[in-house]
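A.B. asks: Got a structure here, written out as structure tokens. Questions coming.
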Amino acid sequence: MIALLQRVSTAAVTVDGKCIGRIGSGLLVLVGIEPNDGELELNRLLKKILGYRIFPDGDGKMNHSLQQADGGLLLVPQFTLAADTKKGLRPGFSTAALPELGERIFHQLTAAAREHHPTVEQGRFGADMQVSLVNDGPVTFLLRS
């Protein structure tokens with residue numbers, strides 16, 4: 001699994017002109033799922049997302065996790081993160097999970113996140129989404145499980 005974490009002041013995801021998820025300060029996480037991903041990768045990635053220390057402490061240093069900062073979490077499925085970009089000028093998607101697996105894993109990740117964090121919003125798998133954000137910092141990290 002791949003996660004692109006962006007520390008945000010605000011973020012929202014819209015489908016067909018309707019906002020389906022919105023957070024204030026917290027993390028926008030774009031999630032890419034690969035063919036061999038399962039519960040082990042999901043749990044590892046979720047632990048990192050919730051515990052990664054990228055929020056400022058009292059001295060302004062990145063020492064606090066999302067949970068310590070009491071921020072929101074917006075999870076957005078993005079299969080293009082798992083694209084093969086090694087050759088040519090057009091991405092290939094054989095390195096991304098098939099839609100059935102990707103959707104199942106994404107919903108499992110969202111459900112698990114809700115068990116451990118109070119404020120979790122999500123995008124819609126397979127939808128044409130518009131994602132807006134104000135990146136705080138900017139602070140962005142690419143994680144792989």
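Identifiers in the structure tokens: chain A, B, ... in order shown; residue index from 1 per chain; ligand index from 1 in order shown.
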Using only C-alpha atoms, determine which residues lie at most 8 Å from region 45-57 of chain A, disregarding the query and same-chain residues fewer than 5 positions distant; provide the list as a list in words.
C.D. replies: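 The residues satisfying every condition are Met1, Ala3, Leu5, Arg7, Met62, Asn63, His64, Ser65, Leu66, Gln67, Ala69, Leu109, Ala112, Ala113, His117, Val139, Leu143, Arg144 and Ser145 of chain A.
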A.B. asks: For the residues in the current selection, export N, CA and C atoms as a short mmCIF file (atom, residue, chain, number, x, y, z; two decimals), in the first residue's frame.
C.D. replies:
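Listing of part-v2.cif after writing:
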data_model
loop_
_atom_site.label_atom_id
_atom_site.label_comp_id
_atom_site.auth_asym_id
_atom_site.auth_seq_id
_atom_site.Cartn_x
_atom_site.Cartn_y
_atom_site.Cartn_z
N MET A 1 0.85 -1.18 0.00
CA MET A 1 0.00 0.00 0.00
C MET A 1 0.88 1.23 0.00
N ALA A 3 0.72 5.51 0.64
CA ALA A 3 -0.06 6.62 1.17
C ALA A 3 0.73 7.91 0.98
N LEU A 5 0.72 11.38 2.43
CA LEU A 5 0.19 12.16 3.55
C LEU A 5 0.47 13.63 3.31
N ARG A 7 -0.16 17.21 5.37
CA ARG A 7 -0.67 17.93 6.54
C ARG A 7 -1.42 19.15 6.01
N MET A 62 8.37 19.03 14.60
CA MET A 62 7.44 17.96 14.23
C MET A 62 7.61 16.79 15.20
N ASN A 63 6.85 16.81 16.28
CA ASN A 63 6.93 15.78 17.31
C ASN A 63 5.58 15.17 17.65
N HIS A 64 4.49 15.69 17.10
CA HIS A 64 3.17 15.19 17.45
C HIS A 64 2.54 14.43 16.29
N SER A 65 1.81 13.38 16.64
CA SER A 65 1.09 12.59 15.65
C SER A 65 -0.28 13.21 15.40
N LEU A 66 -0.99 12.65 14.44
CA LEU A 66 -2.36 13.09 14.16
C LEU A 66 -3.22 12.96 15.40
N GLN A 67 -3.07 11.85 16.11
CA GLN A 67 -3.87 11.63 17.31
C GLN A 67 -3.53 12.64 18.40
N ALA A 69 -2.36 15.62 17.91
CA ALA A 69 -2.79 16.94 17.43
C ALA A 69 -4.30 17.05 17.35
N LEU A 109 -9.64 -0.20 5.37
CA LEU A 109 -8.77 0.82 5.95
C LEU A 109 -9.60 1.92 6.62
N ALA A 112 -11.19 0.57 9.84
CA ALA A 112 -10.18 0.42 10.89
C ALA A 112 -9.77 1.79 11.43
N ALA A 113 -9.64 2.78 10.55
CA ALA A 113 -9.29 4.13 11.00
C ALA A 113 -10.36 4.68 11.93
N HIS A 117 -9.69 6.43 15.52
CA HIS A 117 -9.61 7.88 15.44
C HIS A 117 -11.02 8.47 15.34
N VAL A 139 3.79 20.32 4.08
CA VAL A 139 4.33 19.09 4.65
C VAL A 139 3.66 17.92 3.93
N LEU A 143 4.48 7.31 2.07
CA LEU A 143 4.71 6.13 2.90
C LEU A 143 4.33 4.89 2.11
N ARG A 144 5.07 3.81 2.35
CA ARG A 144 4.76 2.51 1.77
C ARG A 144 4.75 1.50 2.90
N SER A 145 3.80 0.56 2.84
CA SER A 145 3.79 -0.47 3.88
C SER A 145 4.52 -1.70 3.40
#
A.B. asks: List as number ranges by chain the protein and nucleic acid residues near region 30-38 of chain A, meaning an atom at most 8 Å away when only C-alpha atoms are counted, but skip any in the same chain fewer than 4 places from it.
C.D. replies: A: 1-5, 42, 75-82, 95-98, 101-102, 105-106
A.B. asks: When you look at region 125-127 of chain A with a cut-off of 7 Å (counting only C-alpha atoms), what residues show up, excluding the ones that are within fewer than 2 positions of it in the same chain? I need them as a list in words.
C.D. replies: Pro77, Glu103, Gly123 and Met129 of chain A
A.B. asks: Taking into account only C-alpha atoms, which residue in the set A:Thr119, A:Gln130, A:Thr14, A:Ser94 is nearest to Gly26 (chain A)?
C.D. replies: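 So, comparing all the options, the nearest one is A:Thr119.
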A.B. asks: Provide the CA of Leu142 (chain A) to CA of Ile23 (chain A) distance in Å, to one decimal place.
C.D. replies: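 CA of Ile23 (chain A) lies at a distance of 20.3 Å from CA of Leu142 (chain A).
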A.B. asks: At what distance in Å, to one decimal, does CA of Glu121 (chain A) lie from CA of Gln108 (chain A)?
C.D. replies: 13.5 Å
